[in-house]
file query00.cif (mmCIF, C-alpha atoms)
data_final
#
loop_
_atom_site.label_atom_id
_atom_site.label_comp_id
_atom_site.auth_asym_id
_atom_site.auth_seq_id
_atom_site.Cartn_x
_atom_site.Cartn_y
_atom_site.Cartn_z
CA MET A 1 19.32 -22.16 33.63
CA LYS A 2 19.13 -18.83 31.84
CA ARG A 3 20.28 -18.84 28.24
CA ARG A 4 23.03 -16.47 27.19
CA ASP A 5 24.44 -15.32 23.88
CA ALA A 6 27.77 -17.02 23.16
CA ARG A 7 29.24 -13.66 22.19
CA SER A 8 28.57 -12.37 25.69
CA ARG A 9 31.47 -14.51 26.95
CA TYR A 10 33.90 -12.26 25.12
CA VAL A 11 32.28 -9.22 26.70
CA ILE A 12 32.58 -10.80 30.13
CA VAL A 13 36.26 -11.58 29.57
CA TRP A 14 36.87 -8.05 28.27
CA LEU A 15 35.19 -6.50 31.32
CA ALA A 16 37.04 -8.81 33.70
CA VAL A 17 40.45 -8.01 32.20
CA THR A 18 39.71 -4.28 32.05
CA LEU A 19 38.53 -4.11 35.67
CA SER A 20 41.39 -6.31 36.87
CA ALA A 21 43.98 -4.16 35.10
CA GLY A 22 42.46 -1.00 36.54
CA LEU A 23 42.29 -2.47 40.05
CA VAL A 24 45.88 -3.76 39.93
CA GLY A 25 47.11 -0.43 38.63
CA TRP A 26 45.37 1.41 41.46
CA LEU A 27 46.79 -0.99 44.06
CA LEU A 28 50.34 -0.72 42.72
CA ARG A 29 50.31 3.05 42.49
CA GLY A 30 48.20 3.50 45.61
CA PRO A 31 48.37 1.36 48.78
CA VAL A 32 51.29 -0.81 47.67
CA GLY A 33 53.32 2.16 46.41
CA THR A 34 52.66 4.02 49.66
CA ALA A 35 53.74 1.01 51.74
CA LEU A 36 56.97 0.69 49.79
CA ALA A 37 57.77 4.40 49.85
CA GLY A 38 61.51 4.97 49.97
CA TRP A 39 62.34 1.53 48.58
CA ASP A 40 63.56 0.83 45.07
CA ALA A 41 60.62 -1.52 44.57
CA ALA A 42 58.27 1.47 44.80
CA HIS A 43 59.46 2.72 41.39
CA VAL A 44 58.91 -0.72 39.88
CA CYS A 45 55.39 -0.90 41.34
CA ALA A 46 54.63 2.58 40.02
CA ARG A 47 55.70 1.60 36.51
CA LEU A 48 53.78 -1.65 36.62
CA GLY A 49 50.71 0.23 37.86
CA LEU A 50 51.05 2.69 34.99
CA LEU A 51 51.22 -0.19 32.52
CA CYS A 52 48.08 -1.69 34.05
CA PHE A 53 46.31 1.67 33.71
CA LEU A 54 47.44 1.90 30.10
CA LEU A 55 46.17 -1.64 29.44
CA ALA A 56 42.80 -0.81 30.99
CA GLY A 57 42.62 2.38 28.94
CA LEU A 58 43.46 0.55 25.71
CA LEU A 59 40.81 -2.08 26.44
CA LEU A 60 38.22 0.61 27.14
CA ALA A 61 39.20 2.51 23.99
CA GLY A 62 39.12 -0.71 21.95
CA GLY A 63 35.67 -1.56 23.29
CA ALA A 64 34.42 1.92 22.47
CA VAL A 65 35.82 1.71 18.92
CA TRP A 66 34.27 -1.73 18.43
CA TRP A 67 30.87 -0.45 19.62
CA ALA A 68 31.14 2.60 17.36
CA VAL A 69 31.96 0.48 14.31
CA VAL A 70 29.31 -2.18 14.93
CA HIS A 71 26.54 0.38 15.53
CA HIS A 72 27.68 2.87 12.85
CA LEU A 73 28.47 5.83 15.07
CA ARG A 74 29.79 7.65 11.99
CA ARG A 75 26.14 8.19 11.02
CA GLY A 76 25.39 10.00 14.26
CA VAL A 77 24.84 9.33 17.93
CA LYS A 78 21.08 8.95 17.47
CA TYR A 79 21.59 6.38 14.74
CA ALA A 80 24.08 4.39 16.83
CA LEU A 81 21.91 4.35 19.96
CA ARG A 82 18.81 3.31 18.00
CA HIS A 83 20.81 0.61 16.20
CA TRP A 84 22.16 -0.71 19.52
CA GLN A 85 18.71 -0.65 21.11
CA LEU A 86 17.13 -2.62 18.27
CA CYS A 87 19.97 -5.15 18.08
CA ARG A 88 19.73 -5.75 21.80
CA GLY A 89 15.95 -6.18 21.71
CA ILE A 90 16.02 -8.51 18.70
CA LYS A 91 18.76 -10.73 20.11
CA ARG A 92 17.05 -10.95 23.48
CA ALA A 93 13.78 -11.93 21.77
CA LEU A 94 15.52 -14.54 19.60
CA MET A 95 17.20 -15.96 22.67
CA GLU A 96 13.96 -16.17 24.66
CA ALA A 97 12.16 -17.72 21.67
CA GLY A 98 14.73 -20.51 21.43
CA TYR A 99 16.56 -19.49 18.27
CA GLY A 100 20.27 -20.23 18.21
CA ILE A 101 22.71 -23.13 18.18
CA PRO A 102 23.79 -24.57 21.58
CA VAL A 103 27.41 -23.92 22.57
CA GLY A 104 27.79 -25.80 25.82
CA GLU A 105 25.02 -26.03 28.40
CA GLN A 106 24.23 -22.35 28.89
CA TYR A 107 25.45 -20.46 25.83
CA TYR A 108 23.88 -20.30 22.39
CA ARG A 109 25.22 -18.86 19.15
CA LEU A 110 22.54 -16.50 17.84
CA PRO A 111 21.95 -15.63 14.17
CA GLN A 112 23.71 -12.53 12.92
CA VAL A 113 21.48 -9.44 12.91
CA LYS A 114 21.93 -6.54 10.47
CA ILE A 115 19.95 -3.29 10.65
CA ARG A 116 19.89 -0.54 8.04
CA PHE A 117 17.78 2.62 8.24
CA ASP A 118 16.59 4.31 5.05
CA ASP A 119 16.55 7.95 6.15
CA LYS A 120 18.10 10.35 8.64
CA GLY A 121 14.89 10.47 10.64
CA LEU A 122 15.14 6.70 11.29
CA THR A 123 11.48 6.27 10.29
CA SER A 124 11.97 3.10 8.25
CA GLY A 125 14.58 0.49 7.46
CA ILE A 126 15.37 -3.18 7.01
CA VAL A 127 16.30 -5.81 9.60
CA GLU A 128 18.15 -8.89 8.33
CA VAL A 129 18.36 -12.04 10.46
CA GLN A 130 20.81 -14.70 9.36
CA ASN A 131 19.23 -17.90 8.10
CA HIS A 132 20.31 -21.35 9.28
CA ILE A 133 19.26 -24.84 8.33
CA LYS A 134 17.94 -25.44 11.87
CA SER A 135 15.81 -22.30 11.97
CA ASP A 136 14.83 -21.92 8.31
CA SER A 137 11.17 -22.92 8.57
CA SER A 138 10.58 -21.24 11.94
CA LEU A 139 12.12 -17.90 10.91
CA ALA A 140 9.76 -17.80 7.93
CA ALA A 141 6.80 -17.36 10.30
CA VAL A 142 8.37 -15.21 13.02
CA ASN A 143 7.02 -11.70 13.63
CA LEU A 144 9.64 -9.37 15.06
CA SER A 145 7.30 -6.46 15.82
CA SER A 146 7.18 -7.29 19.54
CA ALA A 147 10.98 -6.92 19.74
CA LEU A 148 11.25 -3.64 17.84
CA GLY A 149 9.86 -1.14 20.32
CA VAL A 150 8.15 1.66 18.38
CA TYR A 151 8.76 -0.06 15.03
CA LEU A 152 6.44 -2.43 13.20
CA VAL A 153 7.16 -5.03 10.52
CA ASP A 154 5.60 -3.97 7.21
CA ALA A 155 6.83 -6.86 5.07
CA GLN A 156 9.08 -9.87 5.40
CA TYR A 157 10.81 -12.07 2.82
CA ILE A 158 13.98 -14.07 2.29
CA SER A 159 16.98 -12.58 0.50
CA ASP A 160 17.91 -13.66 -3.02
CA ASP A 161 20.79 -15.80 -1.74
CA ASN A 162 18.60 -17.39 0.98
CA ASN A 163 21.11 -16.36 3.65
CA TYR A 164 18.98 -13.75 5.44
CA TYR A 165 15.36 -13.19 6.35
CA CYS A 166 14.53 -9.53 5.65
CA TYR A 167 12.01 -7.53 7.66
CA GLU A 168 11.01 -4.08 6.40
CA ILE A 169 10.18 -1.92 9.42
CA SER A 170 8.65 1.51 9.94
CA ASP A 171 8.06 3.80 12.91
CA SER A 172 4.50 3.27 14.14
CA ARG A 173 4.38 6.86 15.42
CA ILE A 174 4.68 8.28 11.88
CA ASP A 175 1.34 8.91 10.17
CA ARG A 176 1.94 8.47 6.45
CA GLN A 177 -1.67 9.09 5.49
CA LEU A 178 -2.06 12.25 3.43
CA CYS A 179 -4.81 14.73 4.21
CA PHE A 180 -6.36 17.23 1.79
CA ASP A 181 -8.78 19.94 2.88
CA SER A 182 -9.74 20.96 -0.65
CA TYR A 183 -9.75 19.71 -4.20
CA ALA A 184 -7.23 22.41 -5.09
CA ALA A 185 -4.77 20.99 -2.53
CA LEU A 186 -5.18 17.48 -3.95
CA ALA A 187 -4.75 18.74 -7.52
CA ASP A 188 -1.62 20.69 -6.57
CA TYR A 189 -0.10 17.61 -4.91
CA ALA A 190 -0.99 15.48 -7.97
CA HIS A 191 0.71 17.99 -10.31
CA LYS A 192 3.87 18.00 -8.20
CA HIS A 193 3.79 14.20 -8.00
CA THR A 194 3.61 13.66 -11.76
CA GLY A 195 6.29 16.30 -12.20
CA LYS A 196 8.58 14.32 -9.90
CA TYR A 197 7.79 10.72 -10.87
CA GLY A 198 6.42 11.00 -14.41
CA PRO A 199 3.12 11.73 -16.18
CA TYR A 200 1.66 8.22 -15.78
CA THR A 201 2.11 7.69 -12.04
CA LEU A 202 -0.21 7.47 -9.03
CA PHE A 203 0.21 7.88 -5.28
CA ALA A 204 -1.58 6.56 -2.21
CA ASP A 205 0.37 7.95 0.75
CA ALA A 206 3.73 9.43 1.66
CA ARG A 207 5.41 6.05 1.23
CA ASN A 208 3.52 4.56 -1.72
CA GLU A 209 4.32 7.08 -4.43
CA GLY A 210 5.47 6.94 -8.03
CA ILE A 211 3.31 3.91 -8.85
CA LYS A 212 3.24 3.59 -12.62
CA ILE A 213 -0.23 2.96 -14.01
CA ARG A 214 -1.18 -0.74 -13.91
CA SER A 215 -4.22 -2.96 -13.96
CA LEU A 216 -5.69 -2.93 -10.46
CA LEU A 217 -7.62 -5.19 -8.11
CA LEU A 218 -9.17 -3.19 -5.27
CA VAL A 219 -10.92 -5.20 -2.56
CA GLY A 220 -12.67 -3.71 0.44
CA ILE A 221 -15.67 -4.51 2.58
CA THR A 222 -18.45 -1.98 3.13
CA GLY A 223 -17.13 1.00 5.08
CA SER A 224 -13.46 0.35 4.29
CA GLY A 225 -13.11 3.49 2.15
CA LYS A 226 -13.08 1.74 -1.23
CA SER A 227 -15.32 4.25 -3.01
CA TYR A 228 -13.39 7.23 -1.68
CA ALA A 229 -10.13 5.59 -2.72
CA LEU A 230 -11.48 5.17 -6.25
CA MET A 231 -12.65 8.77 -6.41
CA GLY A 232 -9.29 9.98 -5.13
CA LEU A 233 -7.60 7.99 -7.89
CA ILE A 234 -9.99 9.45 -10.48
CA ALA A 235 -9.12 12.94 -9.22
CA GLN A 236 -5.45 12.13 -9.77
CA LEU A 237 -6.18 10.94 -13.30
CA GLN A 238 -7.97 14.19 -14.11
CA ASN A 239 -4.84 16.11 -13.12
CA TRP A 240 -2.43 14.11 -15.25
CA PRO A 241 -0.54 16.07 -17.93
CA ILE A 242 -2.04 13.62 -20.44
CA PRO A 243 -5.53 12.83 -19.08
CA PRO A 244 -6.57 9.20 -19.66
CA THR A 245 -9.82 7.98 -21.18
CA VAL A 246 -11.86 6.27 -18.46
CA TYR A 247 -14.80 3.88 -18.91
CA TYR A 248 -17.19 3.46 -15.97
CA ALA A 249 -19.08 0.20 -15.31
CA ASP A 250 -21.19 -0.19 -12.17
CA PRO A 251 -23.88 -2.91 -12.23
CA LYS A 252 -25.34 -1.67 -8.92
CA GLY A 253 -25.81 1.85 -10.28
CA SER A 254 -24.17 3.42 -7.21
CA ASP A 255 -21.52 6.14 -6.82
CA ILE A 256 -19.30 5.18 -9.75
CA ALA A 257 -22.25 4.96 -12.14
CA VAL A 258 -23.49 8.41 -11.08
CA LEU A 259 -20.00 9.86 -11.28
CA GLY A 260 -19.38 8.31 -14.69
CA GLY A 261 -22.74 9.59 -15.90
CA SER A 262 -21.58 13.09 -15.09
CA LEU A 263 -17.99 12.80 -16.30
CA ALA A 264 -18.44 10.64 -19.41
CA PRO A 265 -22.03 9.48 -20.01
CA GLU A 266 -21.09 7.95 -23.38
CA ARG A 267 -18.57 5.71 -21.58
CA THR A 268 -20.76 4.74 -18.61
CA ALA A 269 -23.06 1.76 -18.14
CA ASP A 270 -24.95 0.25 -15.20
CA ASP A 271 -26.89 -2.60 -16.84
CA ILE A 272 -25.58 -5.95 -18.04
CA ASP A 273 -26.01 -5.41 -21.78
CA GLY A 274 -24.62 -1.88 -21.57
CA ILE A 275 -21.55 -3.04 -19.67
CA ILE A 276 -20.86 -5.80 -22.18
CA ASP A 277 -21.18 -3.31 -25.05
CA LEU A 278 -18.81 -1.01 -23.17
CA LEU A 279 -16.30 -3.85 -22.82
CA ARG A 280 -16.50 -4.54 -26.54
CA GLN A 281 -15.92 -0.87 -27.28
CA PHE A 282 -12.96 -0.77 -24.92
CA HIS A 283 -11.46 -3.92 -26.47
CA GLY A 284 -11.98 -2.49 -29.96
CA SER A 285 -10.08 0.65 -28.99
CA MET A 286 -7.25 -1.52 -27.70
CA MET A 287 -7.05 -3.42 -30.99
CA ALA A 288 -7.01 -0.11 -32.86
CA ARG A 289 -4.16 1.11 -30.63
CA LYS A 290 -2.31 -2.15 -31.29
CA ALA A 291 -2.51 -1.61 -35.05
CA GLU A 292 -1.51 2.03 -34.61
CA MET A 293 1.58 1.19 -32.55
CA ARG A 294 2.75 -1.79 -34.61
CA ASP A 295 5.08 0.26 -36.81
CA LYS A 296 6.26 2.45 -33.91
CA LEU A 297 7.19 -0.52 -31.72
CA SER A 298 9.13 -2.26 -34.50
CA GLY A 299 11.93 0.29 -34.16
CA LYS A 300 12.04 0.51 -30.35
CA LEU A 301 12.67 -2.65 -28.39
CA GLY A 302 10.84 -2.68 -25.04
CA ALA A 303 8.95 0.56 -25.68
CA ASP A 304 5.36 1.13 -24.63
CA PHE A 305 2.66 3.76 -25.03
CA THR A 306 4.38 6.14 -22.60
CA ASP A 307 7.33 6.54 -24.98
CA PHE A 308 4.96 8.03 -27.55
CA ARG A 309 3.03 10.23 -25.06
CA LEU A 310 -0.27 8.50 -25.80
CA PRO A 311 -3.20 8.67 -23.35
CA ALA A 312 -3.95 5.67 -21.16
CA TYR A 313 -7.32 3.88 -21.30
CA ILE A 314 -8.84 2.61 -18.06
CA PHE A 315 -11.91 0.43 -17.65
CA LEU A 316 -13.17 1.03 -14.10
CA PHE A 317 -15.34 -1.93 -13.09
CA ASP A 318 -17.00 -1.40 -9.71
CA GLU A 319 -18.85 -4.21 -7.89
CA PHE A 320 -17.62 -6.79 -10.38
CA ALA A 321 -18.95 -9.66 -8.24
CA ALA A 322 -22.54 -8.46 -8.81
CA PHE A 323 -21.94 -8.42 -12.58
CA GLN A 324 -20.31 -11.86 -12.49
CA ALA A 325 -23.29 -13.28 -10.61
CA SER A 326 -25.70 -11.84 -13.18
CA ILE A 327 -24.00 -13.54 -16.16
CA SER A 328 -22.96 -16.75 -14.40
CA ARG A 329 -25.76 -18.77 -16.02
CA ASP A 330 -25.22 -17.39 -19.51
CA LYS A 331 -22.10 -19.26 -20.63
CA LYS A 332 -21.78 -17.44 -23.96
CA ARG A 333 -21.75 -13.98 -22.47
CA ARG A 334 -19.64 -15.08 -19.50
CA ASP A 335 -16.97 -16.54 -21.76
CA GLU A 336 -16.96 -13.42 -23.95
CA VAL A 337 -16.52 -11.12 -20.96
CA GLU A 338 -13.73 -13.26 -19.47
CA GLU A 339 -11.91 -13.40 -22.81
CA ILE A 340 -12.04 -9.62 -23.26
CA MET A 341 -10.88 -8.94 -19.71
CA ARG A 342 -8.12 -11.52 -19.93
CA ASN A 343 -6.86 -10.02 -23.20
CA VAL A 344 -6.82 -6.54 -21.69
CA VAL A 345 -4.98 -7.69 -18.57
CA LEU A 346 -2.38 -9.69 -20.52
CA MET A 347 -1.91 -7.43 -23.55
CA GLY A 348 -2.86 -3.98 -22.34
CA ARG A 349 0.26 -2.93 -20.41
CA GLN A 350 2.34 -2.08 -23.47
CA LEU A 351 -0.61 -0.53 -25.29
CA GLY A 352 -1.81 1.54 -22.34
CA PHE A 353 -5.11 -0.27 -21.63
CA TYR A 354 -5.90 -1.28 -18.06
CA MET A 355 -8.63 -2.95 -16.02
CA TRP A 356 -9.47 -1.54 -12.60
CA VAL A 357 -11.66 -4.08 -10.81
CA ALA A 358 -13.25 -3.16 -7.47
CA MET A 359 -15.18 -5.63 -5.32
CA GLN A 360 -15.89 -6.63 -1.73
CA LYS A 361 -14.16 -10.03 -1.91
CA SER A 362 -12.17 -11.86 -4.55
CA ASP A 363 -13.06 -15.54 -4.36
CA SER A 364 -12.84 -17.61 -7.52
CA SER A 365 -16.63 -17.58 -7.68
CA ASP A 366 -16.59 -13.77 -7.80
CA ILE A 367 -13.72 -13.23 -10.28
CA PRO A 368 -11.97 -15.74 -12.56
CA THR A 369 -8.65 -16.84 -11.10
CA ALA A 370 -6.82 -16.31 -14.41
CA ILE A 371 -7.82 -12.63 -14.35
CA ARG A 372 -7.31 -12.04 -10.61
CA ASP A 373 -3.82 -13.57 -10.48
CA ASN A 374 -2.61 -11.51 -13.45
CA LEU A 375 -3.64 -8.14 -12.03
CA PRO A 376 -0.21 -6.74 -11.02
CA LEU A 377 -1.46 -4.09 -8.55
CA LYS A 378 -3.49 -5.49 -5.65
CA ILE A 379 -4.94 -3.49 -2.77
CA CYS A 380 -7.03 -4.75 0.13
CA LEU A 381 -8.65 -2.14 2.37
CA GLY A 382 -10.11 -2.74 5.81
CA ASN A 383 -9.98 -5.76 8.10
CA ALA A 384 -10.52 -8.54 5.59
CA PRO A 385 -10.80 -12.20 6.67
CA ALA A 386 -7.90 -14.57 6.11
CA THR A 387 -9.65 -16.29 3.19
CA THR A 388 -9.88 -12.98 1.31
CA LEU A 389 -6.22 -12.20 1.96
CA ILE A 390 -5.23 -15.62 0.67
CA THR A 391 -7.16 -15.14 -2.59
CA ILE A 392 -5.59 -11.69 -3.11
CA PHE A 393 -2.00 -12.17 -1.98
CA GLY A 394 -1.66 -15.94 -1.89
CA HIS A 395 -0.69 -16.22 1.81
CA THR A 396 -1.41 -14.71 5.23
CA ALA A 397 1.29 -16.00 7.60
CA ASP A 398 3.73 -13.14 7.10
CA LEU A 399 1.30 -10.30 6.39
CA PRO A 400 1.25 -7.35 8.82
CA SER A 401 -1.53 -7.98 11.33
CA ARG A 402 -3.13 -4.73 12.48
CA HIS A 403 -6.48 -3.08 12.98
CA TRP A 404 -6.93 -1.07 9.79
CA GLY A 405 -8.86 2.19 9.78
CA LYS A 406 -10.89 3.61 6.92
CA GLY A 407 -8.83 3.88 3.76
CA GLN A 408 -6.05 1.70 5.22
CA GLY A 409 -4.94 -1.78 4.29
CA LEU A 410 -2.32 -3.66 2.30
CA ILE A 411 -0.83 -3.07 -1.14
CA TYR A 412 1.20 -5.29 -3.42
CA CYS A 413 2.65 -4.00 -6.67
CA ASP A 414 4.52 -6.37 -8.93
CA GLY A 415 8.05 -5.11 -9.44
CA ILE A 416 7.88 -2.49 -6.66
CA THR A 417 7.01 -4.18 -3.37
CA ALA A 418 8.71 -7.45 -2.45
CA GLU A 419 5.74 -8.38 -0.25
CA PRO A 420 2.39 -6.78 0.64
CA TRP A 421 2.89 -3.82 2.97
CA PRO A 422 0.67 -1.14 4.56
CA VAL A 423 -1.04 1.55 2.52
CA SER A 424 -3.23 4.50 3.54
CA PHE A 425 -5.31 6.39 1.03
CA PRO A 426 -5.68 10.14 1.57
CA THR A 427 -8.22 11.63 3.96
CA LEU A 428 -10.43 14.00 1.96
CA ASN A 429 -11.96 16.72 4.11
CA PHE A 430 -14.23 17.90 1.30
CA ASP A 431 -16.96 16.48 -0.92
CA ILE A 432 -14.90 14.77 -3.60
CA PHE A 433 -17.98 13.66 -5.54
CA ALA A 434 -19.35 17.20 -5.73
CA GLU A 435 -15.97 18.60 -6.72
CA LEU A 436 -15.44 16.09 -9.50
CA THR A 437 -18.87 16.56 -11.03
CA GLN A 438 -18.85 20.34 -10.58
CA ARG A 439 -15.48 20.76 -12.25
CA ASP A 440 -16.54 18.57 -15.13
CA ASN A 441 -19.62 20.75 -15.66
CA LEU A 442 -17.48 23.90 -15.57
CA GLN A 443 -15.12 22.41 -18.16
CA SER A 444 -18.06 21.46 -20.37
CA GLU A 445 -19.50 24.99 -20.15
CA GLY A 446 -16.12 26.39 -21.13
CA VAL A 447 -16.00 24.17 -24.21
CA ASN A 448 -19.55 25.12 -25.22
CA ARG A 449 -18.82 28.83 -24.93
CA ALA A 450 -15.72 28.40 -27.06
#

call {"tool": "encode", "arguments": {"input": "query00.cif", "output": "structure tokens"}}
result
Amino acid sequence: MKRRDARSRYVIVWLAVTLSAGLVGWLLRGPVGTALAGWDAAHVCARLGLLCFLLAGLLLAGGAVWWAVVHHLRRGVKYALRHWQLCRGIKRALMEAGYGIPVGEQYYRLPQVKIRFDDKGLTSGIVEVQNHIKSDSSLAAVNLSSALGVYLVDAQYISDDNNYYCYEISDSRIDRQLCFDSYAALADYAHKHTGKYGPYTLFADARNEGIKIRSLLLVGITGSGKSYALMGLIAQLQNWPIPPTVYYADPKGSDIAVLGGSLAPERTADDIDGIIDLLRQFHGSMMARKAEMRDKLSGKLGADFTDFRLPAYIFLFDEFAAFQASISRDKKRRDEVEEIMRNVVLMGRQLGFYMWVAMQKSDSSDIPTAIRDNLPLKICLGNAPATTLITIFGHTADLPSRHWGKGQGLIYCDGITAEPWPVSFPTLNFDIFAELTQRDNLQSEGVNRA
């Protein structure tokens, strides 16, 4: 026997009464009235038929008003039709999947569904499905994407009161990935971005904007676009109103080491001893900043370095797993490095000192758990295995499952995103490495001539 929504019974009754009233009204004012023409009863039939027509009209008008209210017609016809379409698809999917409480043999009472779009273009929004003690555990793992038509689930979580499961959705036809054909275009966008969101903010795509500077864990397999993402972030940093001081550590001596050697050779290292010395120098600068800000912070509760317009300090550590493997047998140096990094991660936010750690995977053997779990901004690019996703985000069951292209993946930012959701770093249709190094050389020549 086919399952039906318990609320559909009211619709059936409404339709039956409306059609019956309309049919009776037509009969009384039509065939019956004609047959009784000339009799006094004809006037009575005509009046009764009119009342039936009025009843049918009121029922139709009431149904239309109910539909308009439930699907928010006041926000536009397009909004209402899209809302109705999604509600219908979600309820049908929940019914077919067995969600709902039996009401008799055929009817089931489905969870309440709420839908709210974020913009006039209906490109993103939130779907809320009512929680129930019988469906609590199963709703936690459900993926609604198949019931949403052109929309995809970006993130899912339970509401603060535990009464609704929330699904953040976005239109799969909208490409949020930014594209820059020149360094000048990227720089112009970065200037406008900091002007809108503040001087210490970063962006990734059209959705992930206004991200205040944080310590970062960037994970991506070979070919996922990790290096280009880092260089794009460095380009943003160079266009900040208050440019930060960046340290470059790359034990493999690859792109980041070469770039750092051009941008800041005195703050670049690619060998083990040099990297450890660089970490000590970075930590010493943080302690100096701490002493410098002690008096300033005493008079401003909750203030940080941004309130005093101080430059940020960033330690960019590429291929950290290779470095960790090199010092794994030297307990003294390993403990010193972990202590410095842990201090920076835990203490650096208020002082403006941050660790950016980039690697291909983030197992506990590659990065200490105490450091990894305290990095508030986590990004995973490419199609990473489930074990990698678990080490980064802590779970995989409710993560968006898609085939990620180059520069695409998942982002989680403590305090901004409730759950990991999709991110796409900009497409750069120019040689970002050449532009960064060339512009640094031009700036250096200008300083020398001065």

call {"tool": "residues_near_point", "arguments": {"input": "query00.cif", "point": "(-5.1, 1.9, 6.0)", "cutoff": "9 Å", "atoms": "all atoms listed in the file", "output": "PDB file with C-alpha atoms, keeping the file's coordinate frame"}}
result
ATOM      1  CA  GLN A 177      -1.670   9.090   5.490  1.00  0.00           C
ATOM      2  CA  SER A 224     -13.460   0.350   4.290  1.00  0.00           C
ATOM      3  CA  LEU A 381      -8.650  -2.140   2.370  1.00  0.00           C
ATOM      4  CA  GLY A 382     -10.110  -2.740   5.810  1.00  0.00           C
ATOM      5  CA  HIS A 403      -6.480  -3.080  12.980  1.00  0.00           C
ATOM      6  CA  TRP A 404      -6.930  -1.070   9.790  1.00  0.00           C
ATOM      7  CA  GLY A 405      -8.860   2.190   9.780  1.00  0.00           C
ATOM      8  CA  LYS A 406     -10.890   3.610   6.920  1.00  0.00           C
ATOM      9  CA  GLY A 407      -8.830   3.880   3.760  1.00  0.00           C
ATOM     10  CA  GLN A 408      -6.050   1.700   5.220  1.00  0.00           C
ATOM     11  CA  GLY A 409      -4.940  -1.780   4.290  1.00  0.00           C
ATOM     12  CA  LEU A 410      -2.320  -3.660   2.300  1.00  0.00           C
ATOM     13  CA  PRO A 422       0.670  -1.140   4.560  1.00  0.00           C
ATOM     14  CA  VAL A 423      -1.040   1.550   2.520  1.00  0.00           C
ATOM     15  CA  SER A 424      -3.230   4.500   3.540  1.00  0.00           C
ATOM     16  CA  PHE A 425      -5.310   6.390   1.030  1.00  0.00           C
TER      17      PHE A 425
END

call {"tool": "closest_residue", "arguments": {"input": "query00.cif", "among": "A:Asp318, A:Ile126, A:Gly302, A:Leu259", "to": "Gln438 of chain A", "atoms": "only C-alpha atoms"}}
result
A:Leu259

call {"tool": "resolve_selection", "arguments": {"input": "query00.cif", "expression": "the PyMOL selection byres ((chain A and resi 85-89) around 9)", "output": "list in words"}}
result
His71, Ala80, Leu81, Arg82, His83, Trp84, Ile90, Lys91, Arg92, Ala93, Leu94, Val113, Lys114, Ile115, Ala147, Leu148 and Gly149 of chain A

call {"tool": "atom_distance", "arguments": {"input": "query00.cif", "atom1": "atom CA of Lys290 of chain A", "atom2": "atom CA of Leu218 of chain A"}}
result
26.9 Å

call {"tool": "resolve_selection", "arguments": {"input": "query00.cif", "expression": "the PyMOL selection byres ((chain A and resi 253) around 12)", "output": "ChimeraX atom specification"}}
result
/A:248-252,254-261,268-272,274-275,317-320,322-323

call {"tool": "write_last_selection", "arguments": {"input": "query00.cif", "atoms": "C-alpha atoms", "output": "CSV table (one decimal), in the coordinates of the input"}}
result
chain,number,residue,atom,x,y,z
A,248,TYR,CA,-17.2,3.5,-16.0
A,249,ALA,CA,-19.1,0.2,-15.3
A,250,ASP,CA,-21.2,-0.2,-12.2
A,251,PRO,CA,-23.9,-2.9,-12.2
A,252,LYS,CA,-25.3,-1.7,-8.9
A,254,SER,CA,-24.2,3.4,-7.2
A,255,ASP,CA,-21.5,6.1,-6.8
A,256,ILE,CA,-19.3,5.2,-9.8
A,257,ALA,CA,-22.2,5.0,-12.1
A,258,VAL,CA,-23.5,8.4,-11.1
A,259,LEU,CA,-20.0,9.9,-11.3
A,260,GLY,CA,-19.4,8.3,-14.7
A,261,GLY,CA,-22.7,9.6,-15.9
A,268,THR,CA,-20.8,4.7,-18.6
A,269,ALA,CA,-23.1,1.8,-18.1
A,270,ASP,CA,-25.0,0.2,-15.2
A,271,ASP,CA,-26.9,-2.6,-16.8
A,272,ILE,CA,-25.6,-6.0,-18.0
A,274,GLY,CA,-24.6,-1.9,-21.6
A,275,ILE,CA,-21.6,-3.0,-19.7
A,317,PHE,CA,-15.3,-1.9,-13.1
A,318,ASP,CA,-17.0,-1.4,-9.7
A,319,GLU,CA,-18.8,-4.2,-7.9
A,320,PHE,CA,-17.6,-6.8,-10.4
A,322,ALA,CA,-22.5,-8.5,-8.8
A,323,PHE,CA,-21.9,-8.4,-12.6

call {"tool": "atom_distance", "arguments": {"input": "query00.cif", "atom1": "atom CA of Asn239 of chain A", "atom2": "atom CA of Pro426 of chain A"}}
result
15.9 Å

call {"tool": "atom_distance", "arguments": {"input": "query00.cif", "atom1": "atom CA of Trp67 of chain A", "atom2": "atom CA of Leu15 of chain A"}}
result
13.9 Å

call {"tool": "resolve_selection", "arguments": {"input": "query00.cif", "expression": "the PyMOL selection byres ((chain A and resi 173) around 10)", "output": "list in words"}}
result
Thr123, Val150, Tyr151, Leu152, Ser170, Asp171, Ser172, Ile174, Asp175 and Arg176 of chain A

call {"tool": "residues_around", "arguments": {"input": "query00.cif", "residues": "Thr387 of chain A", "least_positions_apart": "3", "cutoff": "9 Å", "atoms": "all atoms listed in the file", "output": "list of chain:residue names"}}
result
A:Asp363, A:Ala384, A:Ile390, A:Thr391, A:Ile392, A:Thr396

call {"tool": "residues_near_point", "arguments": {"input": "query00.cif", "point": "(10.5, 4.2, -12.5)", "cutoff": "10 Å", "atoms": "all atoms listed in the file", "output": "compact mmCIF listing (two decimals) with C-alpha atoms, keeping the file's coordinate frame"}}
result
# COMPACT_ATOMS: atom_id res chain seq x y z
CA TYR A 197 7.79 10.72 -10.87
CA GLY A 198 6.42 11.00 -14.41
CA THR A 201 2.11 7.69 -12.04
CA GLY A 210 5.47 6.94 -8.03
CA ILE A 211 3.31 3.91 -8.85
CA LYS A 212 3.24 3.59 -12.62
CA ILE A 416 7.88 -2.49 -6.66
